[in-house]
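Chemist: Sharing input_23.cif below, mmCIF, C-alpha atoms:
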data_target
#
loop_
_atom_site.label_atom_id
_atom_site.label_comp_id
_atom_site.auth_asym_id
_atom_site.auth_seq_id
_atom_site.Cartn_x
_atom_site.Cartn_y
_atom_site.Cartn_z
CA MET A 1493 108.16 3.37 290.75
CA LYS A 1494 111.15 1.21 289.84
CA SER A 1495 111.25 2.83 286.39
CA ILE A 1496 111.82 6.21 288.09
CA LEU A 1497 113.87 5.25 291.14
CA LEU A 1498 116.47 3.03 289.44
CA PRO A 1499 117.54 5.62 286.85
CA THR A 1500 117.36 8.31 289.51
CA LEU A 1501 119.61 6.42 291.95
CA ALA A 1502 122.12 5.73 289.18
CA ALA A 1503 121.93 9.38 288.12
CA TRP A 1504 122.54 10.49 291.70
CA LEU A 1505 125.72 8.39 291.83
CA VAL A 1506 126.89 10.00 288.59
CA ARG A 1507 125.97 13.46 289.81
CA LEU A 1508 127.74 12.93 293.13
CA LEU A 1509 130.89 12.03 291.24
CA ALA A 1510 130.39 14.98 288.91
CA ILE A 1511 129.91 17.31 291.87
CA ALA A 1512 133.01 15.83 293.50
CA LEU A 1513 134.93 16.47 290.29
CA ASN A 1514 133.80 20.11 290.30
CA LEU A 1515 134.47 20.54 294.01
CA ILE A 1516 137.97 19.13 293.63
CA GLY A 1517 138.62 20.44 290.14
CA LEU A 1518 137.58 24.09 290.33
CA PRO A 1519 140.04 25.10 293.09
CA PHE A 1520 142.68 22.91 291.43
CA VAL A 1521 142.14 24.69 288.10
CA LEU A 1522 141.97 28.11 289.81
CA ALA A 1523 145.34 27.54 291.47
CA ARG A 1524 147.02 26.55 288.21
CA LEU A 1525 145.39 28.98 285.80
CA GLY A 1526 145.41 32.00 288.12
CA GLN A 1527 142.35 34.16 288.79
CA ASP A 1528 142.51 36.08 285.46
CA ARG A 1529 142.60 32.96 283.28
CA PHE A 1530 140.15 31.23 285.62
CA GLY A 1531 137.60 33.99 284.97
CA LEU A 1532 138.23 33.54 281.25
CA PHE A 1533 137.74 29.79 281.70
CA LEU A 1534 134.26 30.39 283.19
CA VAL A 1535 133.35 32.62 280.23
CA VAL A 1536 134.59 29.92 277.83
CA LEU A 1537 132.35 27.33 279.51
CA SER A 1538 129.32 29.58 279.15
CA ILE A 1539 129.92 30.50 275.48
CA GLY A 1540 130.83 26.91 274.63
CA SER A 1541 127.43 25.87 275.98
CA TRP A 1542 125.57 28.34 273.77
CA ILE A 1543 125.51 25.78 270.99
CA GLY A 1544 123.00 23.96 273.18
CA PHE A 1545 120.47 26.68 272.38
CA ALA A 1546 119.91 24.90 269.06
CA ASN A 1547 119.62 21.40 270.55
CA VAL A 1548 116.76 19.87 268.58
CA GLY A 1549 115.72 17.47 271.34
CA MET A 1550 115.78 14.40 269.09
CA GLY A 1551 116.48 12.19 272.11
CA ARG A 1552 113.18 13.17 273.71
CA VAL A 1553 111.34 12.51 270.46
CA VAL A 1554 112.93 9.06 270.20
CA ALA A 1555 111.95 8.27 273.80
CA SER A 1556 108.39 9.39 273.08
CA ILE A 1557 108.17 7.23 269.94
CA ILE A 1558 109.34 4.13 271.82
CA THR A 1559 107.13 4.79 274.84
CA ARG A 1560 103.96 5.23 272.81
CA ALA A 1561 104.40 3.22 269.59
CA ALA A 1562 107.03 0.46 269.90
CA HIS A 1563 104.58 -2.30 270.87
CA ARG A 1564 101.91 -1.27 268.39
CA SER A 1565 104.08 -0.96 265.27
CA PRO A 1566 107.67 -2.31 265.57
CA ALA A 1567 108.50 -1.89 261.87
CA LEU A 1568 107.36 1.74 261.72
CA THR A 1569 109.13 2.47 265.00
CA ALA A 1570 112.42 1.13 263.62
CA ARG A 1571 112.11 3.26 260.48
CA LEU A 1572 111.36 6.39 262.50
CA ILE A 1573 114.21 5.76 264.97
CA SER A 1574 116.69 5.14 262.15
CA MET A 1575 115.55 8.26 260.32
CA ALA A 1576 115.77 10.29 263.53
CA THR A 1577 119.35 9.08 264.09
CA ALA A 1578 120.41 10.10 260.58
CA LEU A 1579 118.65 13.46 260.92
CA ALA A 1580 120.34 14.12 264.26
CA ALA A 1581 123.77 13.45 262.71
CA LEU A 1582 123.14 15.85 259.83
CA ILE A 1583 121.60 18.56 262.01
CA ASN A 1584 124.39 18.53 264.58
CA LEU A 1585 127.11 18.57 261.94
CA GLY A 1586 125.47 21.60 260.37
CA LEU A 1587 125.01 23.15 263.81
CA PHE A 1588 128.73 22.87 264.55
CA VAL A 1589 129.70 24.44 261.21
CA VAL A 1590 127.27 27.37 261.54
CA ALA A 1591 128.09 28.06 265.22
CA THR A 1592 131.84 28.03 264.55
CA ALA A 1593 131.52 30.33 261.54
CA LEU A 1594 129.38 32.83 263.46
CA PHE A 1595 131.68 32.80 266.48
CA LEU A 1596 134.83 33.39 264.42
CA ALA A 1597 133.07 36.15 262.48
CA VAL A 1598 132.17 37.92 265.73
CA MET A 1599 135.72 37.56 267.03
CA ALA A 1600 137.03 39.13 263.82
CA THR A 1601 134.70 42.13 263.86
CA VAL A 1602 133.80 43.03 267.47
CA PRO A 1603 136.20 44.97 269.75
CA LEU A 1604 137.45 42.55 272.40
CA ASN A 1605 137.83 42.99 276.12
CA ASP A 1606 141.52 43.25 277.12
CA ALA A 1607 141.50 39.93 278.99
CA ILE A 1608 140.01 38.10 275.99
CA ALA A 1609 142.27 39.84 273.48
CA HIS A 1610 145.36 38.88 275.49
CA HIS A 1611 144.43 35.18 275.34
CA ARG A 1612 142.64 35.27 271.98
CA THR A 1613 144.06 32.09 270.43
CA GLU A 1614 143.44 29.97 273.52
CA PHE A 1615 139.97 31.49 273.84
CA GLU A 1616 139.03 30.66 270.24
CA VAL A 1617 140.47 27.13 270.24
CA SER A 1618 138.74 26.31 273.52
CA ILE A 1619 135.32 27.46 272.36
CA VAL A 1620 135.46 25.82 268.93
CA SER A 1621 136.53 22.52 270.50
CA LEU A 1622 133.63 22.79 272.95
CA PHE A 1623 131.25 23.43 270.05
CA LEU A 1624 132.43 20.20 268.43
CA ALA A 1625 132.10 18.16 271.63
CA MET A 1626 128.66 19.56 272.46
CA SER A 1627 127.40 18.78 268.94
CA LEU A 1628 128.59 15.19 269.34
CA TRP A 1629 126.84 14.96 272.70
CA PHE A 1630 123.54 16.19 271.25
CA PHE A 1631 123.76 13.55 268.53
CA LEU A 1632 124.34 10.89 271.18
CA SER A 1633 121.11 11.95 272.89
CA VAL A 1634 119.33 9.76 270.33
CA PHE A 1635 120.78 6.69 272.04
CA GLU A 1636 119.90 8.13 275.44
CA GLY A 1637 116.33 8.46 274.18
CA ILE A 1638 116.22 4.80 273.14
CA ASP A 1639 117.10 3.65 276.65
CA ALA A 1640 114.81 6.27 278.22
CA GLY A 1641 111.91 4.94 276.15
CA HIS A 1642 112.64 1.45 277.46
CA HIS A 1643 113.03 2.76 281.05
CA GLN A 1644 116.69 1.63 281.04
CA LEU A 1645 118.34 5.02 281.37
CA GLN A 1646 120.43 3.80 284.30
CA ARG A 1647 122.72 2.07 281.77
CA LEU A 1648 123.89 5.48 280.55
CA TYR A 1649 124.84 6.47 284.08
CA TYR A 1650 126.87 3.29 284.58
CA PHE A 1651 129.04 4.23 281.62
CA GLN A 1652 129.31 7.82 282.80
CA LEU A 1653 130.54 6.70 286.22
CA GLY A 1654 133.63 5.26 284.57
CA SER A 1655 134.02 8.36 282.43
CA TYR A 1656 133.99 10.67 285.44
CA ALA A 1657 136.47 8.46 287.28
CA LEU A 1658 138.85 8.65 284.31
CA SER A 1659 138.52 12.45 284.26
CA LEU A 1660 139.55 12.61 287.91
CA VAL A 1661 142.72 10.70 287.05
CA LEU A 1662 143.47 12.96 284.07
CA LEU A 1663 142.87 16.04 286.19
CA PHE A 1664 145.67 15.14 288.59
CA VAL A 1665 148.05 13.42 286.17
CA VAL A 1666 147.79 15.32 282.86
CA PHE A 1667 146.38 18.76 283.64
CA PRO A 1668 149.23 19.95 285.94
CA ARG A 1669 151.64 19.36 283.02
CA HIS A 1670 149.37 21.06 280.47
CA PRO A 1671 147.28 23.65 282.36
CA SER A 1672 145.23 24.93 279.40
CA ILE A 1673 141.73 26.38 279.43
CA ALA A 1674 140.59 23.88 276.78
CA LEU A 1675 141.73 20.84 278.78
CA ALA A 1676 140.16 22.23 281.96
CA ALA A 1677 136.90 22.81 280.06
CA TYR A 1678 136.82 19.22 278.85
CA LEU A 1679 137.64 17.70 282.22
CA LEU A 1680 135.16 19.77 284.22
CA ASN A 1681 132.41 20.33 281.66
CA LEU A 1682 132.45 17.25 279.42
CA SER A 1683 133.72 14.47 281.65
CA PHE A 1684 130.65 12.43 280.78
CA LEU A 1685 131.30 12.51 277.01
CA LEU A 1686 133.44 9.39 276.81
CA GLY A 1687 130.79 7.51 278.80
CA SER A 1688 128.07 8.78 276.45
CA ILE A 1689 130.05 7.56 273.44
CA ALA A 1690 130.45 4.11 275.02
CA HIS A 1691 126.75 4.10 275.91
CA GLY A 1692 125.81 4.96 272.33
CA ILE A 1693 127.80 1.96 271.08
CA ASP A 1694 126.15 -0.24 273.71
CA VAL A 1695 122.65 0.95 272.76
CA ALA A 1696 123.31 0.33 269.07
CA ARG A 1697 124.51 -3.19 269.90
CA ARG A 1698 121.45 -4.01 272.00
CA ASN A 1699 118.90 -2.41 269.68
CA ARG A 1700 119.96 -3.47 266.20
CA HIS A 1701 116.30 -3.99 265.32
CA LEU A 1702 115.68 -0.25 265.84
CA LEU A 1703 118.64 0.93 263.74
CA VAL A 1704 118.17 -0.31 260.19
CA ARG A 1705 120.33 0.80 257.27
CA HIS A 1706 117.71 0.92 254.55
CA PHE A 1707 114.97 2.95 256.19
CA GLY A 1708 114.23 5.20 253.20
CA TRP A 1709 113.77 8.95 253.38
CA HIS A 1710 110.12 9.97 253.38
CA ARG A 1711 109.31 13.65 253.27
CA GLN A 1712 106.23 13.36 255.45
CA ALA A 1713 108.08 11.33 258.10
CA VAL A 1714 111.00 13.79 258.12
CA ARG A 1715 108.57 16.66 258.49
CA LEU A 1716 106.82 14.84 261.33
CA LEU A 1717 110.12 14.24 263.16
CA LEU A 1718 111.27 17.83 262.74
CA LEU A 1719 107.93 19.19 263.91
CA SER A 1720 108.06 16.80 266.87
CA THR A 1721 111.46 18.16 267.85
CA LEU A 1722 110.35 21.78 267.58
CA ASP A 1723 108.80 21.99 271.03
CA PHE A 1724 111.77 20.26 272.67
CA THR A 1725 114.11 22.60 270.77
CA ILE A 1726 112.27 25.60 272.16
CA ILE A 1727 112.40 24.16 275.68
CA SER A 1728 116.17 23.56 275.38
CA LEU A 1729 116.56 27.09 274.01
CA GLY A 1730 114.68 28.56 276.94
CA ILE A 1731 116.65 26.61 279.54
CA GLY A 1732 119.91 27.50 277.84
CA ILE A 1733 119.18 31.22 277.76
CA LEU A 1734 118.11 31.26 281.40
CA TYR A 1735 121.02 29.27 282.82
CA GLN A 1736 123.89 29.51 280.33
CA LEU A 1737 123.69 32.87 278.59
CA SER A 1738 124.53 35.36 281.33
CA THR A 1739 128.08 34.39 282.25
CA GLY A 1740 129.30 34.30 278.67
CA LEU A 1741 127.36 37.31 277.38
CA PHE A 1742 128.09 39.73 280.19
CA GLY A 1743 131.61 38.35 280.63
CA PHE A 1744 132.27 39.00 276.94
CA MET A 1745 130.83 42.52 277.20
CA PHE A 1746 132.22 43.67 280.55
CA GLY A 1747 135.12 41.30 281.23
CA PRO A 1748 135.45 38.00 283.13
CA ASP A 1749 135.88 39.74 286.49
CA ALA A 1750 132.36 41.19 286.22
CA VAL A 1751 130.77 37.72 286.36
CA LEU A 1752 133.25 35.71 288.42
CA GLU A 1753 130.89 34.78 291.28
CA LEU A 1754 128.05 34.12 288.84
CA GLY A 1755 130.30 31.80 286.85
CA VAL A 1756 131.20 29.81 289.96
CA LEU A 1757 127.53 29.55 290.96
CA MET A 1758 126.44 28.41 287.51
CA ARG A 1759 129.06 25.67 287.59
CA LEU A 1760 127.40 24.38 290.74
CA MET A 1761 123.90 24.89 289.30
CA GLN A 1762 124.90 22.87 286.25
CA SER A 1763 125.45 19.82 288.46
CA TYR A 1764 122.22 20.51 290.34
CA GLY A 1765 120.33 20.99 287.09
CA ALA A 1766 121.64 17.69 285.75
CA VAL A 1767 120.18 15.97 288.82
CA LEU A 1768 116.84 17.64 288.16
CA ILE A 1769 116.84 16.53 284.53
CA ALA A 1770 117.89 13.01 285.47
CA PHE A 1771 114.90 12.87 287.85
CA THR A 1772 112.27 14.59 285.70
CA PHE A 1773 113.11 13.01 282.32
CA PRO A 1774 112.03 9.51 283.47
CA LEU A 1775 109.05 11.10 285.26
CA THR A 1776 107.83 12.58 281.96
CA ASN A 1777 107.99 9.18 280.25
CA VAL A 1778 106.34 7.33 283.16
CA VAL A 1779 103.45 9.81 283.36
CA ALA A 1780 103.00 9.64 279.58
CA SER A 1781 102.98 5.83 279.55
CA ARG A 1782 100.51 5.69 282.47
CA LEU A 1783 98.17 8.09 280.68
CA ALA A 1784 98.50 6.13 277.43
CA ALA A 1785 97.46 3.01 279.39
CA ARG A 1786 94.49 4.92 280.91
CA ASP A 1787 96.02 4.48 284.36
CA SER A 1788 95.04 7.82 285.87
CA ASP A 1789 95.72 6.78 289.46
CA GLY A 1790 99.18 5.49 288.52
CA ALA A 1791 100.04 8.75 286.75
CA ARG A 1792 98.98 10.85 289.74
CA ARG A 1793 100.77 8.56 292.18
CA ALA A 1794 104.04 8.75 290.23
CA ALA A 1795 103.75 12.54 290.02
CA ARG A 1796 102.90 12.92 293.70
CA ILE A 1797 105.72 10.73 295.07
CA SER A 1798 108.26 12.26 292.69
CA GLY A 1799 107.18 15.75 293.65
CA LEU A 1800 107.56 15.08 297.36
CA LEU A 1801 111.05 13.64 296.88
CA LEU A 1802 112.22 16.37 294.53
CA LEU A 1803 110.83 19.39 296.33
CA GLY A 1804 111.80 18.04 299.76
CA GLY A 1805 115.39 17.76 298.59
CA ALA A 1806 115.18 21.25 297.09
CA VAL A 1807 114.16 22.78 300.42
CA VAL A 1808 117.13 21.14 302.15
CA ALA A 1809 119.52 22.31 299.41
CA SER A 1810 118.10 25.84 299.47
CA LEU A 1811 118.45 26.24 303.23
CA GLY A 1812 121.91 24.68 303.15
CA ALA A 1813 123.05 27.17 300.52
CA LEU A 1814 121.69 30.11 302.50
CA VAL A 1815 123.39 29.10 305.74
CA PHE A 1816 126.61 27.43 304.69
CA ALA A 1817 127.47 28.65 301.18
CA ASN A 1818 130.10 31.27 302.02
CA GLY A 1819 131.81 29.18 304.67
CA LEU A 1820 132.06 26.26 302.30
CA LEU A 1821 133.14 28.57 299.48
CA ALA A 1822 136.06 29.85 301.57
CA LEU A 1823 137.17 26.32 302.42
CA TRP A 1824 136.67 25.18 298.87
CA LEU A 1825 138.29 27.80 296.61
CA ARG A 1826 140.62 29.37 299.18
CA SER A 1827 140.42 32.70 297.37
CA GLY A 1828 138.73 36.08 297.70
CA ILE A 1829 135.58 34.88 295.91
CA ARG A 1830 132.53 35.40 298.16
CA PHE A 1831 128.78 35.67 297.68
CA ALA A 1832 127.25 38.97 298.82
CA PRO A 1833 124.13 38.70 301.08
CA GLY A 1834 121.72 39.64 298.29
CA PHE A 1835 123.43 37.27 295.87
CA LEU A 1836 123.21 34.50 298.45
CA ALA A 1837 119.48 35.04 299.08
CA ALA A 1838 118.79 35.05 295.34
CA THR A 1839 120.81 31.82 295.02
CA SER A 1840 118.74 30.10 297.70
CA LEU A 1841 115.53 31.10 295.95
CA LEU A 1842 116.95 29.98 292.59
CA ILE A 1843 117.48 26.44 293.90
CA LEU A 1844 113.83 26.20 294.99
CA LEU A 1845 112.37 27.76 291.86
CA SER A 1846 114.54 25.65 289.53
CA SER A 1847 113.33 22.44 291.16
CA LEU A 1848 109.69 23.46 290.98
CA HIS A 1849 110.09 24.68 287.39
CA PHE A 1850 111.65 21.43 286.12
CA TYR A 1851 109.05 19.35 287.97
CA LEU A 1852 106.07 21.25 286.57
CA ALA A 1853 107.54 21.17 283.06
CA ALA A 1854 107.95 17.39 283.34
CA LEU A 1855 104.30 17.01 284.32
CA LEU A 1856 103.14 19.22 281.47
CA MET A 1857 105.12 17.23 278.91
CA GLY A 1858 104.07 13.89 280.37
CA GLY A 1859 100.46 15.07 280.32
CA GLY A 1860 100.51 15.84 276.61
CA GLU A 1861 101.11 19.59 277.02
CA THR A 1862 104.57 19.82 275.45
CA LYS A 1863 103.52 22.70 273.19
CA ARG A 1864 102.29 24.68 276.18
CA ALA A 1865 105.53 24.00 278.08
CA ALA A 1866 107.51 25.16 275.03
CA ARG A 1867 105.53 28.40 274.79
CA ILE A 1868 106.12 29.16 278.46
CA HIS A 1869 109.88 28.50 278.10
CA LEU A 1870 110.03 30.72 275.02
CA LEU A 1871 108.21 33.55 276.79
CA GLU A 1872 110.57 33.23 279.76
CA ALA A 1873 113.61 33.49 277.46
CA MET A 1874 112.20 36.55 275.71
CA LEU A 1875 111.50 38.28 279.02
CA PHE A 1876 114.82 37.35 280.61
CA LEU A 1877 117.10 39.10 278.14
CA PRO A 1878 115.86 42.70 278.64
CA VAL A 1879 115.14 42.21 282.35
CA ALA A 1880 118.61 40.73 282.94
CA TYR A 1881 120.34 43.61 281.15
CA VAL A 1882 118.51 46.25 283.19
CA SER A 1883 119.04 44.32 286.43
CA PHE A 1884 122.74 43.88 285.72
CA ARG A 1885 123.12 47.61 285.18
CA LEU A 1886 121.43 48.26 288.52
CA GLN A 1887 122.87 45.52 290.77
CA GLN A 1888 125.50 43.67 288.74
CA GLN A 1889 125.56 39.91 289.30
CA THR A 1890 122.91 39.98 292.04
CA GLY A 1891 120.62 41.75 289.60
CA LEU A 1892 121.05 38.91 287.10
CA LEU A 1893 119.98 36.35 289.70
CA ILE A 1894 116.99 38.46 290.74
CA ALA A 1895 115.93 38.65 287.08
CA LEU A 1896 116.30 34.88 286.74
CA ASP A 1897 114.26 34.24 289.90
CA ALA A 1898 111.49 36.58 288.75
CA VAL A 1899 111.21 34.95 285.32
CA LEU A 1900 111.23 31.42 286.76
CA ALA A 1901 108.53 32.35 289.30
CA GLY A 1902 106.32 33.67 286.53
CA GLY A 1903 106.89 30.50 284.51
CA CYS A 1904 105.97 28.30 287.49
CA LEU A 1905 102.72 30.19 287.97
CA ALA A 1906 101.86 29.81 284.29
CA MET A 1907 102.54 26.06 284.35
CA LEU A 1908 100.55 25.58 287.56
CA GLN A 1909 97.60 27.35 286.01
CA ARG A 1910 97.75 25.14 282.94
CA LEU A 1911 98.08 21.94 285.00
CA ARG A 1912 94.93 22.88 286.96
CA LEU A 1913 92.98 22.38 283.71
CA HIS A 1914 94.38 18.91 283.03
CA PRO A 1915 91.69 16.21 283.46
CA VAL A 1916 94.03 13.78 285.24
CA LEU A 1917 96.87 15.84 286.75
CA GLY A 1918 94.72 18.81 287.76
CA PRO A 1919 93.88 17.52 291.27
CA LEU A 1920 97.61 17.52 292.11
CA THR A 1921 97.48 21.33 291.98
CA GLY A 1922 94.33 21.60 294.09
CA ALA A 1923 91.92 21.84 291.17
CA PRO A 1924 88.32 20.86 292.02
CA SER A 1925 87.18 17.36 291.14
CA THR A 1926 84.77 18.81 288.56
CA ALA A 1927 87.80 19.09 286.27
CA LEU A 1928 87.52 15.32 285.77
CA ILE A 1929 84.28 15.44 283.74
CA LYS A 1930 84.50 12.93 280.87
CA PRO A 1931 88.06 11.87 281.80
CA ALA A 1932 88.40 9.17 279.14
CA ALA A 1933 87.70 11.52 276.23
CA ALA A 1934 89.87 14.27 277.65
CA LEU A 1935 92.67 11.82 278.33
CA ARG A 1936 92.59 10.60 274.72
CA GLY A 1937 92.96 14.20 273.57
CA SER A 1938 95.86 14.96 275.90
CA VAL A 1939 97.79 11.88 274.82
CA ALA A 1940 97.16 12.52 271.13
CA ALA A 1941 98.37 16.12 271.45
CA ASP A 1942 101.87 14.94 272.28
CA ARG A 1943 102.01 11.95 269.91
CA PRO A 1944 105.10 12.08 267.64
#
Before we go any further, please render this structure as structure tokens.

Modeler:
Amino acid sequence: MKSILLPTLAAWLVRLLAIALNLIGLPFVLARLGQDRFGLFLVVLSIGSWIGFANVGMGRVVASIITRAAHRSPALTARLISMATALAALINLGLFVVATALFLAVMATVPLNDAIAHHRTEFEVSIVSLFLAMSLWFFLSVFEGIDAGHHQLQRLYYFQLGSYALSLVLLFVVFPRHPSIALAAYLLNLSFLLGSIAHGIDVARRNRHLLVRHFGWHRQAVRLLLLSTLDFTIISLGIGILYQLSTGLFGFMFGPDAVLELGVLMRLMQSYGAVLIAFTFPLTNVVASRLAARDSDGARRAARISGLLLLGGAVVASLGALVFANGLLALWLRSGIRFAPGFLAATSLLILLSSLHFYLAALLMGGGETKRAARIHLLEAMLFLPVAYVSFRLQQQTGLLIALDAVLAGGCLAMLQRLRLHPVLGPLTGAPSTALIKPAAALRGSVAADRP
């Protein structure tokens, strides 16, 4: 369990600092921007994150290659990793150019809300700069994947600790003199970026054998890498639509004031979601490596212990939000922002469902069912858009959360049903032991299905 617990503990330290930065930074930014520009700032954060919908998940592919193939074929692994790095650079550069062009085209043709029109230049500069930073971050995920494949992901979090600490200093020293939306967005949304850049340099230094200059472009290998990223791209797209779309979309359509509470909640959920990812990403790789080694008991044990830790923490967080959220919100922001009772209940349920959803998705991917996980995420995203629009019309922000909870619950049920059929992980869901007929043959098939 060291390969899960060490990265998780390091990630928790990073997340605690990130949460502290948000807890300190949001009221600090609110006081200096004013409520109108603060609402615009929350919309900027959401739209700036939309570029993540096209994240190709190359880091996950790299981690999978190292986990499953590094010891069997070092030379081929190095060529694939080097090719994946070059592909990620080209894809993310193109992603930035296309996203920026589309955004500026929309700004030039669509009637703007008064609040956005009044701060148009600052709005555009902030979002384009976030597009650039997010594209860089997605490229750097390749280096994150290298350490994840070696079960050394805690190194990334060590670098990010320093990055978050520097952001805290900049928040109090530089931001009061230059209280812009763009600077606030960087400090509160991308504080980890400098640490990720330093980590990328460190990974390249330690893994020179995996990053060769003359790897040669091979059409079949490029096709294999791109197809391998497809499922992870769909999963990122689904997560992005569920958690990042609403604030920006409905704020752009109906004004920042219409999604103010939702924007504050999603800032908190972003930190919580990062903890979930930091926990479940190593879990996926550990389960996959145990299955590849034919260690069925080890795979189930890792999944069981991780599930108890994750879901136990989720119950505590959910009850804490239900009981203490508004009191803490009043002490924290010192403003008129409050969560209505229905909004608060939906928030509590969202915390539970998000934890279960990320955990089940990690087990599916670790068990060789990445394509199935991708299909479920895609279906969730397709259902969420119309349901969210209708729900928003009926109950405003609370309706959006109800729509999100309903879609996540359906996705959890679909993933549970699929896991029941897995020859090794099925018993974790209460499936009968008869599901383990011919486990060796079934296990070979499940591992091969997710092989890059």

Chemist: Select, from A:Arg1529, A:Phe1816, A:Leu1920, A:Leu1645, the residue with the minimum atom-to-atom distance to Pro1671 (chain A), counting only C-alpha atoms.

Modeler: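 Nearest candidate to Pro1671 (chain A) out of A:Arg1529, A:Phe1816, A:Leu1920, A:Leu1645: A:Arg1529.
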
Chemist: Find the residues near region 1876-1884 of chain A: any atom within 8 Å, counting all atoms listed in the file, skip ones fewer than 2 places away on the same chain, and give them as a ChimeraX atom specification.

Modeler: /A:1734,1872-1874,1886-1892,1894-1896,1899

Chemist: Which one is closest to Leu1856 (chain A): A:Ile1733, A:Val1598, A:Ala1780, A:Leu1821? Count all atoms listed in the file.

Modeler: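 Selected residue with least distance to Leu1856 (chain A): A:Ala1780.
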
Chemist: Convert the output of the PyMOL selection byres ((chain A and resi 1516) around 12) on the shown file into explicit residues, formatted as JSON, numbers by chain.

Modeler: {"A": [1508, 1509, 1510, 1511, 1512, 1513, 1514, 1515, 1517, 1518, 1519, 1520, 1521, 1522, 1523, 1659, 1660, 1661, 1663, 1664, 1679, 1680, 1823, 1824, 1825, 1826]}

Chemist: Specify as a ChimeraX atom specification each residue included when the PyMOL selection byres ((chain A and resi 1630) around 8) is applied to this file.

Modeler: /A:1547,1549,1580,1584,1626-1629,1631-1634

Chemist: Write out as a PDB file with C-alpha atoms, keeping the file's coordinate frame which residues come within 9 Å of Leu1682 (chain A) when counting all atoms listed in the file, dropping same-chain ones fewer than 4 positions away.

Modeler:
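Just written: out.pdb:
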ATOM      1  CA  LEU A1622     133.630  22.790 272.950  1.00  0.00           C
ATOM      2  CA  ALA A1625     132.100  18.160 271.630  1.00  0.00           C
ATOM      3  CA  MET A1626     128.660  19.560 272.460  1.00  0.00           C
ATOM      4  CA  ALA A1677     136.900  22.810 280.060  1.00  0.00           C
ATOM      5  CA  TYR A1678     136.820  19.220 278.850  1.00  0.00           C
ATOM      6  CA  LEU A1686     133.440   9.390 276.810  1.00  0.00           C
TER       7      LEU A1686
END

Chemist: Excluding Met1599 (chain A) and any residue of its chain fewer than 5 positions from it, enumerate the residues within 12 Å of it, using all atoms listed in the file, and give them as a PyMOL selection string.

Modeler: chain A and resi 1592-1594+1604-1605+1608-1609+1612-1613+1615-1617+1619-1620+1744

Chemist: Near region 1788-1794 of chain A, counting only C-alpha atoms, which residues have an atom at most 7 Å away, once you skip same-chain residues fewer than 6 positions from it, shown as a PyMOL selection string?

Modeler: chain A and resi 1493+1779+1782+1916-1917

Chemist: Quick check, in Å to one decimal: how far apart do CA of Asp1723 (chain A) and CA of Gly1540 (chain A) lie?

Modeler: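 Here the two named atoms are 22.9 Å from each other.
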
Chemist: Using all atoms listed in the file, find the one residue out of A:Leu1653, A:Trp1542, A:Gln1646, A:Arg1700 that sits nearest to Ile1573 (chain A).

Modeler: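 Residue with the minimum atom-to-atom distance to Ile1573 (chain A): A:Arg1700.
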
Chemist: On this structure, the PyMOL selection byres ((chain A and resi 1863-1865) around 9) would catch which residues? List them as number ranges by chain, sorted by chain and number.

Modeler: A: 1722-1724, 1727, 1852-1854, 1856-1857, 1860-1862, 1866-1870, 1907, 1910, 1941-1942

Chemist: Counting all atoms listed in the file, which residue out of A:Pro1774, A:Gly1755, A:Pro1668, A:Pro1919 sits closest to Arg1524 (chain A)?

Modeler: A:Pro1668

Chemist: Take CA of Val1536 (chain A) and CA of Arg1830 (chain A) and report the distance between them in Å, one decimal.

Modeler: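 It comes out at 21.2 Å.
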